[in-house]
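Structure file coords_38.cif with mmCIF, C-alpha atoms:
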data_my_file
loop_
_atom_site.group_PDB
_atom_site.id
_atom_site.type_symbol
_atom_site.label_atom_id
_atom_site.label_comp_id
_atom_site.auth_asym_id
_atom_site.auth_seq_id
_atom_site.Cartn_x
_atom_site.Cartn_y
_atom_site.Cartn_z
ATOM 1 C CA MET A 1474 -129.425 -11.954 -9.175
ATOM 2 C CA SER A 1475 -131.528 -15.087 -8.666
ATOM 3 C CA ASP A 1476 -130.815 -17.746 -6.029
ATOM 4 C CA THR A 1477 -129.751 -20.150 -8.793
ATOM 5 C CA ASP A 1478 -127.272 -17.613 -10.233
ATOM 6 C CA SER A 1479 -125.888 -16.903 -6.753
ATOM 7 C CA PHE A 1480 -125.404 -20.626 -6.126
ATOM 8 C CA LYS A 1481 -123.588 -21.120 -9.471
ATOM 9 C CA LYS A 1482 -121.337 -18.139 -8.709
ATOM 10 C CA MET A 1483 -120.466 -19.675 -5.331
ATOM 11 C CA LEU A 1484 -119.618 -22.987 -7.017
ATOM 12 C CA ARG A 1485 -117.271 -21.232 -9.493
ATOM 13 C CA LEU A 1486 -115.507 -19.427 -6.623
ATOM 14 C CA MET A 1487 -114.972 -22.868 -5.012
ATOM 15 C CA GLY A 1488 -113.545 -24.256 -8.274
ATOM 16 C CA ILE A 1489 -116.555 -26.509 -8.917
ATOM 17 C CA SER A 1490 -118.156 -26.595 -12.391
ATOM 18 C CA ASP A 1491 -121.852 -25.818 -12.809
ATOM 19 C CA ASP A 1492 -122.712 -29.309 -14.012
ATOM 20 C CA ALA A 1493 -120.897 -31.190 -11.209
ATOM 21 C CA ARG A 1494 -122.982 -33.913 -9.557
ATOM 22 C CA SER A 1495 -122.607 -35.475 -6.123
ATOM 23 C CA ASP A 1496 -123.277 -39.134 -5.300
ATOM 24 C CA PHE A 1497 -124.446 -38.112 -1.817
ATOM 25 C CA ASN A 1498 -127.776 -39.519 -0.701
ATOM 26 C CA LEU A 1499 -129.725 -39.834 2.522
ATOM 27 C CA ASP A 1500 -130.143 -43.586 2.288
ATOM 28 C CA VAL A 1501 -128.103 -44.257 5.414
ATOM 29 C CA SER A 1502 -127.915 -47.763 6.830
ATOM 30 C CA ILE A 1503 -127.344 -47.833 10.586
ATOM 31 C CA SER A 1504 -125.482 -50.933 11.683
ATOM 32 C CA GLN A 1505 -126.262 -52.923 14.810
ATOM 33 C CA PRO A 1506 -123.965 -52.826 17.834
ATOM 34 C CA ASP A 1507 -121.426 -55.649 17.815
ATOM 35 C CA TRP A 1508 -123.141 -57.594 20.590
ATOM 36 C CA GLN A 1509 -126.421 -57.801 18.652
ATOM 37 C CA LYS A 1510 -124.832 -59.428 15.619
ATOM 38 C CA PRO A 1511 -124.435 -63.187 15.299
ATOM 39 C CA LEU A 1512 -120.796 -64.207 15.422
ATOM 40 C CA ILE A 1513 -121.151 -66.117 12.146
ATOM 41 C CA PRO A 1514 -120.797 -63.451 9.420
ATOM 42 C CA GLU A 1515 -123.457 -63.009 6.730
ATOM 43 C CA ILE A 1516 -125.857 -65.445 8.361
ATOM 44 C CA GLU A 1517 -129.134 -64.169 9.728
ATOM 45 C CA VAL A 1518 -129.796 -65.726 13.113
ATOM 46 C CA ASN A 1519 -133.368 -66.545 14.049
ATOM 47 C CA LEU A 1520 -133.381 -66.307 17.835
ATOM 48 C CA GLY A 1521 -136.133 -68.896 18.025
ATOM 49 C CA ASP A 1522 -134.238 -71.453 15.962
ATOM 50 C CA ILE A 1523 -130.518 -71.010 16.624
ATOM 51 C CA ILE A 1524 -128.114 -73.531 15.147
ATOM 52 C CA TRP A 1525 -125.427 -74.320 17.693
ATOM 53 C CA CYS A 1526 -122.016 -75.255 16.322
ATOM 54 C CA SER A 1527 -119.466 -77.462 18.081
ATOM 55 C CA THR A 1528 -115.858 -77.432 16.925
ATOM 56 C CA ASP A 1529 -112.478 -78.232 18.418
ATOM 57 C CA LYS A 1530 -111.667 -74.567 19.076
ATOM 58 C CA GLY A 1531 -112.725 -71.749 21.362
ATOM 59 C CA VAL A 1532 -114.809 -68.639 20.832
ATOM 60 C CA LEU A 1533 -113.669 -65.176 19.809
ATOM 61 C CA TYR A 1534 -115.299 -61.974 21.023
ATOM 62 C CA LYS A 1535 -114.160 -58.812 19.224
ATOM 63 C CA GLY A 1536 -111.025 -60.595 18.050
ATOM 64 C CA LYS A 1537 -110.170 -62.266 21.353
ATOM 65 C CA PHE A 1538 -111.045 -65.545 22.998
ATOM 66 C CA ALA A 1539 -113.867 -65.428 25.493
ATOM 67 C CA VAL A 1540 -115.769 -67.583 27.944
ATOM 68 C CA LEU A 1541 -119.303 -67.293 29.294
ATOM 69 C CA TYR A 1542 -120.295 -67.540 32.950
ATOM 70 C CA ILE A 1543 -122.905 -66.335 35.420
ATOM 71 C CA ARG A 1544 -121.480 -63.411 37.367
ATOM 72 C CA ASP A 1545 -124.353 -62.907 39.848
ATOM 73 C CA GLN A 1546 -124.561 -66.085 41.908
ATOM 74 C CA ALA A 1547 -127.388 -66.568 44.382
ATOM 75 C CA LYS A 1548 -126.643 -68.208 47.696
ATOM 76 C CA TYR A 1549 -129.549 -69.759 49.593
ATOM 77 C CA PHE A 1550 -128.912 -70.414 53.282
ATOM 78 C CA ASP A 1551 -125.570 -72.266 53.451
ATOM 79 C CA TYR A 1552 -125.931 -73.834 50.010
ATOM 80 C CA GLU A 1553 -123.805 -72.358 47.233
ATOM 81 C CA THR A 1554 -124.203 -73.598 43.661
ATOM 82 C CA ASP A 1555 -121.074 -74.793 41.870
ATOM 83 C CA TYR A 1556 -121.251 -72.444 38.888
ATOM 84 C CA LYS A 1557 -119.195 -73.281 35.774
ATOM 85 C CA PHE A 1558 -117.684 -71.323 32.907
ATOM 86 C CA HIS A 1559 -118.353 -72.269 29.293
ATOM 87 C CA ILE A 1560 -116.042 -72.495 26.302
ATOM 88 C CA THR A 1561 -118.530 -73.713 23.705
ATOM 89 C CA GLY A 1562 -122.251 -73.910 22.924
ATOM 90 C CA CYS A 1563 -122.808 -76.975 25.084
ATOM 91 C CA ALA A 1564 -125.995 -78.725 26.220
ATOM 92 C CA THR A 1565 -126.231 -76.507 29.307
ATOM 93 C CA LEU A 1566 -126.178 -73.285 27.292
ATOM 94 C CA LYS A 1567 -128.628 -74.634 24.751
ATOM 95 C CA GLY A 1568 -130.970 -75.519 27.598
ATOM 96 C CA MET A 1569 -130.621 -72.091 29.163
ATOM 97 C CA PHE A 1570 -131.340 -70.435 25.836
ATOM 98 C CA THR A 1571 -134.403 -72.593 25.262
ATOM 99 C CA GLN A 1572 -135.658 -71.647 28.736
ATOM 100 C CA LYS A 1573 -134.963 -67.969 27.925
ATOM 101 C CA ARG A 1574 -132.477 -67.732 30.777
ATOM 102 C CA TYR A 1575 -129.463 -67.003 28.596
ATOM 103 C CA ASP A 1576 -129.313 -63.348 29.679
ATOM 104 C CA LYS A 1577 -127.858 -64.468 33.006
ATOM 105 C CA TYR A 1578 -124.483 -65.003 31.282
ATOM 106 C CA VAL A 1579 -121.726 -62.454 30.814
ATOM 107 C CA ILE A 1580 -118.548 -62.501 28.734
ATOM 108 C CA SER A 1581 -115.042 -62.747 30.161
ATOM 109 C CA GLN A 1582 -111.654 -62.784 28.463
ATOM 110 C CA ASP A 1583 -109.686 -63.603 31.581
ATOM 111 C CA THR A 1584 -107.517 -66.686 31.036
ATOM 112 C CA GLY A 1585 -106.541 -67.165 34.682
ATOM 113 C CA GLY A 1586 -109.630 -69.095 35.760
ATOM 114 C CA ILE A 1587 -110.402 -66.591 38.553
ATOM 115 C CA PHE A 1588 -113.614 -64.695 37.860
ATOM 116 C CA LYS A 1589 -115.291 -61.616 39.273
ATOM 117 C CA VAL A 1590 -118.555 -62.678 40.886
ATOM 118 C CA ASN A 1591 -121.336 -61.109 42.892
ATOM 119 C CA VAL A 1592 -122.567 -63.467 45.598
ATOM 120 C CA ILE A 1593 -126.196 -62.499 46.239
ATOM 121 C CA VAL A 1594 -127.336 -63.071 49.838
ATOM 122 C CA ASN A 1595 -130.695 -61.653 50.956
ATOM 123 C CA ASN A 1596 -130.695 -59.401 47.871
ATOM 124 C CA LYS A 1597 -127.377 -57.851 48.885
ATOM 125 C CA ILE A 1598 -124.216 -58.047 46.804
ATOM 126 C CA GLN A 1599 -120.943 -59.424 48.109
ATOM 127 C CA SER A 1600 -118.284 -58.843 45.437
ATOM 128 C CA ALA A 1601 -115.546 -61.449 45.243
ATOM 129 C CA GLU A 1602 -113.092 -63.211 42.989
ATOM 130 C CA LYS A 1603 -113.772 -66.891 42.657
ATOM 131 C CA LYS A 1604 -112.183 -69.880 40.971
ATOM 132 C CA LEU A 1605 -114.699 -71.544 38.677
ATOM 133 C CA HIS A 1606 -114.425 -74.904 36.947
ATOM 134 C CA VAL A 1607 -114.983 -75.632 33.291
ATOM 135 C CA CYS A 1608 -118.336 -77.063 32.292
ATOM 136 C CA LYS A 1609 -118.167 -80.833 31.752
ATOM 137 C CA HIS A 1610 -120.707 -80.585 28.941
ATOM 138 C CA CYS A 1611 -118.291 -78.217 27.176
ATOM 139 C CA LEU A 1612 -115.428 -80.715 27.545
ATOM 140 C CA ARG A 1613 -117.676 -83.388 26.095
ATOM 141 C CA ALA A 1614 -118.883 -81.168 23.231
ATOM 142 C CA ILE A 1615 -115.345 -80.414 21.994
ATOM 143 C CA ASN A 1616 -113.953 -83.778 23.186
ATOM 144 C CA TRP A 1617 -111.083 -82.028 24.951
ATOM 145 C CA HIS A 1618 -108.163 -84.465 25.261
ATOM 146 C CA GLY A 1619 -110.541 -87.320 24.412
ATOM 147 C CA TYR A 1620 -112.909 -86.483 27.288
ATOM 148 C CA LYS A 1621 -115.992 -87.824 25.512
ATOM 149 C CA THR A 1622 -114.818 -91.430 25.323
ATOM 150 C CA ALA A 1623 -112.381 -91.479 28.255
ATOM 151 C CA PRO A 1624 -113.056 -93.753 31.266
ATOM 152 C CA PRO A 1625 -114.488 -91.982 34.353
ATOM 153 C CA ALA A 1626 -111.130 -91.714 36.169
ATOM 154 C CA ARG A 1627 -109.538 -90.077 33.123
ATOM 155 C CA GLN A 1628 -112.503 -87.710 32.718
ATOM 156 C CA ILE A 1629 -112.026 -86.533 36.299
ATOM 157 C CA GLU A 1630 -108.334 -85.956 35.602
ATOM 158 C CA ILE A 1631 -109.044 -83.945 32.443
ATOM 159 C CA TYR A 1632 -111.694 -81.882 34.244
ATOM 160 C CA GLU A 1633 -109.598 -81.103 37.310
ATOM 161 C CA ASN A 1634 -106.471 -80.246 35.285
ATOM 162 C CA PHE A 1635 -108.211 -78.073 32.711
ATOM 163 C CA SER A 1636 -106.396 -74.765 32.170
ATOM 164 C CA LEU A 1637 -107.947 -71.812 30.365
ATOM 165 C CA ALA A 1638 -104.514 -70.447 29.525
ATOM 166 C CA GLY A 1639 -103.550 -73.804 28.053
ATOM 167 C CA PHE A 1640 -106.827 -74.020 26.188
ATOM 168 C CA PHE A 1641 -106.386 -70.586 24.594
ATOM 169 C CA LYS A 1642 -102.798 -71.388 23.692
ATOM 170 C CA VAL A 1643 -103.822 -74.543 21.850
ATOM 171 C CA MET A 1644 -106.660 -72.726 20.047
ATOM 172 C CA ASN A 1645 -104.288 -70.046 18.735
ATOM 173 C CA GLY A 1646 -106.610 -67.973 16.675
ATOM 174 C CA ASP A 1647 -109.847 -68.359 14.877
ATOM 175 C CA ASN A 1648 -113.137 -69.870 15.911
ATOM 176 C CA GLN A 1649 -116.301 -67.826 15.721
ATOM 177 C CA LYS A 1650 -118.702 -70.732 15.468
ATOM 178 C CA ASN A 1651 -118.886 -72.118 18.984
ATOM 179 C CA PHE A 1652 -121.577 -69.703 20.114
ATOM 180 C CA ALA A 1653 -124.326 -68.687 17.721
ATOM 181 C CA ILE A 1654 -124.998 -65.662 19.920
ATOM 182 C CA ILE A 1655 -123.117 -64.002 22.761
ATOM 183 C CA PRO A 1656 -124.423 -62.127 25.809
ATOM 184 C CA GLU A 1657 -124.860 -58.386 25.728
ATOM 185 C CA HIS A 1658 -122.771 -57.667 28.813
ATOM 186 C CA THR A 1659 -119.341 -58.292 30.265
ATOM 187 C CA ALA A 1660 -118.718 -58.814 33.968
ATOM 188 C CA GLU A 1661 -118.005 -55.084 34.198
ATOM 189 C CA THR A 1662 -121.103 -53.800 32.383
ATOM 190 C CA ALA A 1663 -123.912 -56.148 33.478
ATOM 191 C CA PRO A 1664 -126.432 -54.541 35.882
ATOM 192 C CA PRO A 1665 -126.713 -56.292 39.268
ATOM 193 C CA ASN A 1666 -129.145 -59.197 39.203
ATOM 194 C CA ILE A 1667 -131.033 -58.264 42.359
ATOM 195 C CA TYR A 1668 -134.662 -57.501 43.192
ATOM 196 C CA PRO A 1669 -135.788 -53.865 42.748
ATOM 197 C CA ALA A 1670 -136.552 -51.769 45.809
ATOM 198 C CA ASN A 1671 -140.323 -52.137 45.305
ATOM 199 C CA TRP A 1672 -140.213 -55.923 44.870
ATOM 200 C CA ALA A 1673 -142.298 -56.617 47.994
ATOM 201 C CA ILE A 1674 -145.126 -54.500 46.564
ATOM 202 C CA ILE A 1675 -144.863 -56.140 43.121
ATOM 203 C CA SER A 1676 -144.903 -59.631 44.623
ATOM 204 C CA LYS A 1677 -147.818 -58.930 46.966
ATOM 205 C CA THR A 1678 -149.873 -57.352 44.160
ATOM 206 C CA LEU A 1679 -149.368 -60.297 41.799
ATOM 207 C CA ARG A 1680 -150.136 -62.945 44.417
ATOM 208 C CA LYS A 1681 -153.332 -61.139 45.370
ATOM 209 C CA ALA A 1682 -154.347 -60.753 41.706
ATOM 210 C CA ALA A 1683 -153.808 -64.508 41.238
ATOM 211 C CA GLY A 1684 -156.163 -65.255 44.126
ATOM 212 C CA TYR A 1685 -153.231 -66.881 45.966
ATOM 213 C CA VAL A 1686 -153.371 -69.802 43.524
ATOM 214 C CA CYS A 1687 -150.263 -71.428 42.050
ATOM 215 C CA SER A 1688 -150.256 -70.970 38.263
ATOM 216 C CA ASN A 1689 -148.557 -74.355 37.836
ATOM 217 C CA CYS A 1690 -150.349 -76.855 40.075
ATOM 218 C CA GLY A 1691 -153.538 -74.873 40.731
ATOM 219 C CA ARG A 1692 -153.412 -75.162 44.520
ATOM 220 C CA LYS A 1693 -154.617 -72.290 46.675
ATOM 221 C CA ILE A 1694 -151.976 -71.431 49.260
ATOM 222 C CA SER A 1695 -153.298 -69.968 52.510
ATOM 223 C CA ASP A 1696 -149.806 -69.405 53.892
ATOM 224 C CA THR A 1697 -148.525 -66.585 51.671
ATOM 225 C CA LYS A 1698 -144.921 -67.285 52.722
ATOM 226 C CA ASN A 1699 -145.177 -70.468 50.649
ATOM 227 C CA LEU A 1700 -146.489 -68.640 47.581
ATOM 228 C CA HIS A 1701 -143.750 -67.022 45.521
ATOM 229 C CA VAL A 1702 -143.377 -64.909 42.395
ATOM 230 C CA HIS A 1703 -140.904 -66.457 39.961
ATOM 231 C CA HIS A 1704 -138.774 -64.686 37.334
ATOM 232 C CA ARG A 1705 -138.945 -66.868 34.232
ATOM 233 C CA ASN A 1706 -135.641 -65.659 32.763
ATOM 234 C CA GLY A 1707 -133.785 -65.605 36.088
ATOM 235 C CA ILE A 1708 -133.207 -61.843 35.867
ATOM 236 C CA LYS A 1709 -134.553 -60.432 39.108
ATOM 237 C CA ASN A 1710 -134.515 -56.818 37.948
ATOM 238 C CA ASP A 1711 -136.730 -57.717 34.960
ATOM 239 C CA CYS A 1712 -140.165 -57.319 36.497
ATOM 240 C CA SER A 1713 -142.129 -57.103 33.275
ATOM 241 C CA ARG A 1714 -145.466 -58.881 33.694
ATOM 242 C CA SER A 1715 -144.638 -61.488 31.042
ATOM 243 C CA ASN A 1716 -141.532 -62.491 33.020
ATOM 244 C CA LEU A 1717 -143.355 -63.174 36.283
ATOM 245 C CA GLU A 1718 -145.479 -66.096 37.414
ATOM 246 C CA VAL A 1719 -147.064 -66.962 40.750
ATOM 247 C CA LEU A 1720 -145.891 -70.350 42.059
ATOM 248 C CA CYS A 1721 -146.164 -72.309 45.269
ATOM 249 C CA ALA A 1722 -142.888 -73.094 47.007
ATOM 250 C CA ASP A 1723 -142.886 -76.683 45.724
ATOM 251 C CA CYS A 1724 -143.365 -75.715 42.070
ATOM 252 C CA HIS A 1725 -140.857 -72.884 42.439
ATOM 253 C CA ARG A 1726 -138.286 -75.302 43.790
ATOM 254 C CA LEU A 1727 -138.565 -77.417 40.645
ATOM 255 C CA LYS A 1728 -137.594 -74.537 38.386
ATOM 256 C CA HIS A 1729 -134.140 -74.730 36.815
ATOM 257 C CA ASN A 1730 -131.240 -73.941 39.154
ATOM 258 C CA HIS A 1731 -133.409 -73.088 42.148
ATOM 259 C CA LYS A 1732 -131.561 -74.587 45.114
ATOM 260 C CA PHE A 1733 -133.398 -73.931 48.364
#

What's the structure tokens form of this structure?
Amino acid sequence: MSDTDSFKKMLRLMGISDDARSDFNLDVSISQPDWQKPLIPEIEVNLGDIIWCSTDKGVLYKGKFAVLYIRDQAKYFDYETDYKFHITGCATLKGMFTQKRYDKYVISQDTGGIFKVNVIVNNKIQSAEKKLHVCKHCLRAINWHGYKTAPPARQIEIYENFSLAGFFKVMNGDNQKNFAIIPEHTAETAPPNIYPANWAIISKTLRKAAGYVCSNCGRKISDTKNLHVHHRNGIKNDCSRSNLEVLCADCHRLKHNHKF
């Protein structure tokens, strides 16, 4: 008996006719993970030309409201930056995206206003829970309670009395247009934003290769303590060569959000 005859006999034993045809094919389309998809359905997002949408509602992440904030917060000496949380694609977030520093943000769905943070001191993590304030640019973008046109005293009142729980209650449902793209990680899944163990070697090698010259102002710095290696995207564990630049202390200080 041939292989073909054996196969047909097996089909008959299974109750399948000889001329049956399957619509099975190997043309399988693998979908992207949820975090890689733009929140606006059926619109292809060009990461270099994102259209930011401002509405009077919040943002949904996997069916729930969400806010964006920076979990890993650097503390230089006694100065601690007043980090904010974001409820819409405001001017601050657009600026951070343009500067390719958007990966510093994580997603939270906590409505209490108390956030899990990692305070980074001397490259060591101090975990804490911290009350953060809403971003004023966000209040302006959605004109929360008339914030945009309110007199200064009223703006302060709106800002200080802002409640995430109250905000989510008013939103009550559907807005997927506030953020054209959302961060990959939540506060629980983001890797710590600290320097790798071999950072001293990486920094020394790059400064030497640059001839101890600042790539921004062109000065040669004899005191190597005043010549730094800067992470362009603000992610200290991303030590790819394209993310690093040699800067003098003065030029480094001018970079966004460097407070020292």

Per residue of segment 1609-1713 of chain A within 10 Å of segment 1568-1576 of chain A, record the nearest atom pair and its distance in Å to one decimal, counting all atoms listed in the file, with rows in chain order and ascending residue number, as a tab-separated table.
residue	atom	partner	partner_atom	distance
A:Ile1654	CA	A:Tyr1575	CA	9.8
A:Ile1655	CA	A:Tyr1575	CA	9.1
A:Pro1656	CA	A:Asp1576	CA	6.4
A:Glu1657	CA	A:Asp1576	CA	7.7
A:His1658	CA	A:Asp1576	CA	8.7
A:Ala1663	CA	A:Asp1576	CA	9.8
A:His1704	CA	A:Arg1574	CA	9.6
A:Arg1705	CA	A:Arg1574	CA	7.4
A:Asn1706	CA	A:Arg1574	CA	4.3
A:Gly1707	CA	A:Arg1574	CA	5.9
A:Ile1708	CA	A:Asp1576	CA	7.5

Export, as a PDB file, in the frame of the given file, the selected residues with C-alpha atoms.
ATOM      1  CA  ILE A1654    -124.998 -65.662  19.920  1.00  0.00           C
ATOM      2  CA  ILE A1655    -123.117 -64.002  22.761  1.00  0.00           C
ATOM      3  CA  PRO A1656    -124.423 -62.127  25.809  1.00  0.00           C
ATOM      4  CA  GLU A1657    -124.860 -58.386  25.728  1.00  0.00           C
ATOM      5  CA  HIS A1658    -122.771 -57.667  28.813  1.00  0.00           C
ATOM      6  CA  ALA A1663    -123.912 -56.148  33.478  1.00  0.00           C
ATOM      7  CA  HIS A1704    -138.774 -64.686  37.334  1.00  0.00           C
ATOM      8  CA  ARG A1705    -138.945 -66.868  34.232  1.00  0.00           C
ATOM      9  CA  ASN A1706    -135.641 -65.659  32.763  1.00  0.00           C
ATOM     10  CA  GLY A1707    -133.785 -65.605  36.088  1.00  0.00           C
ATOM     11  CA  ILE A1708    -133.207 -61.843  35.867  1.00  0.00           C
TER      12      ILE A1708
END

Counting only C-alpha atoms, the residue among A:Gly1619, A:Gly1562, A:Ala1670, A:Arg1544 that lies closest to Ala1601 of chain A is A:Arg1544

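If you look at atom CA of Phe1588 of chain A and atom CA of Cys1563 of chain A, they are 20.0 Å away from each other.
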
Would you mind telling me which residue in A:Asn1671, A:Thr1678, A:Asn1591, A:Thr1565 lies nearest to Val1702 of chain A when using only C-alpha atoms?
-> A:Thr1678

Once the PyMOL selection byres ((chain A and resi 1693) around 12) has been applied to the shown file, what residues remain in the selection, as a ChimeraX atom specification?
-> /A:1680-1681,1683-1692,1694-1697,1699-1700,1719-1722

Closest to Cys1611 of chain A among A:His1701, A:Leu1566, A:Ile1675, A:Asp1545, using all atoms listed in the file?
-> A:Leu1566

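Take the candidates A:Gln1582, A:Thr1622, A:Asn1634, A:Ser1676 and check each one against His1559 of chain A using all atoms listed in the file; the shortest distance goes to A:Gln1582.
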
First collect every listed atom of segment 1599-1606 of chain A; then fit an axis-aligned box around them, widen it by 6 Å on each side, and give centre and edge lengths in Å to one decimal, as lines of an AutoDock Vina configuration file.
center_x = -116.6
center_y = -66.9
center_z = 42.5
size_x = 20.8
size_y = 28.1
size_z = 23.2

Judged by only C-alpha atoms, the minimum distance to Lys1728 of chain A among A:Gly1639, A:Val1592, A:Glu1602, A:His1703 is found for A:His1703

Could you jot down the atom CA of Ala1547 of chain A to atom CA of Val1594 of chain A separation for me, Å, one decimal place?
-> 6.5 Å

Minimum-distance residue to Val1643 of chain A, chosen among A:Arg1627, A:Arg1726, A:His1618, A:Lys1548 (using only C-alpha atoms) = A:His1618

Quick one: distance from atom CA of Ala1539 of chain A to atom CA of Ser1581 of chain A in Å, one decimal?
->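 Interatomic distance here is 5.5 Å.
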
Just the residues within 6 Å of Tyr1542 of chain A, please, counting only C-alpha atoms, with nothing from its chain fewer than 2 positions along; format it as a list in words.
->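 Result of the neighbour search: Phe1558, Tyr1578 and Val1579 of chain A.
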
Can you give me, as a PyMOL selection string, the residues this file yields under the PyMOL selection byres ((chain A and resi 1607) around 7)?
-> chain A and resi 1557-1559+1605-1606+1608-1609

Residues just named, written with C-alpha atoms as a PDB file, in the coordinates of the input:
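Ended up saving to out-v4.pdb:
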ATOM      1  CA  LYS A1557    -119.195 -73.281  35.774  1.00  0.00           C
ATOM      2  CA  PHE A1558    -117.684 -71.323  32.907  1.00  0.00           C
ATOM      3  CA  HIS A1559    -118.353 -72.269  29.293  1.00  0.00           C
ATOM      4  CA  LEU A1605    -114.699 -71.544  38.677  1.00  0.00           C
ATOM      5  CA  HIS A1606    -114.425 -74.904  36.947  1.00  0.00           C
ATOM      6  CA  CYS A1608    -118.336 -77.063  32.292  1.00  0.00           C
ATOM      7  CA  LYS A1609    -118.167 -80.833  31.752  1.00  0.00           C
TER       8      LYS A1609
END
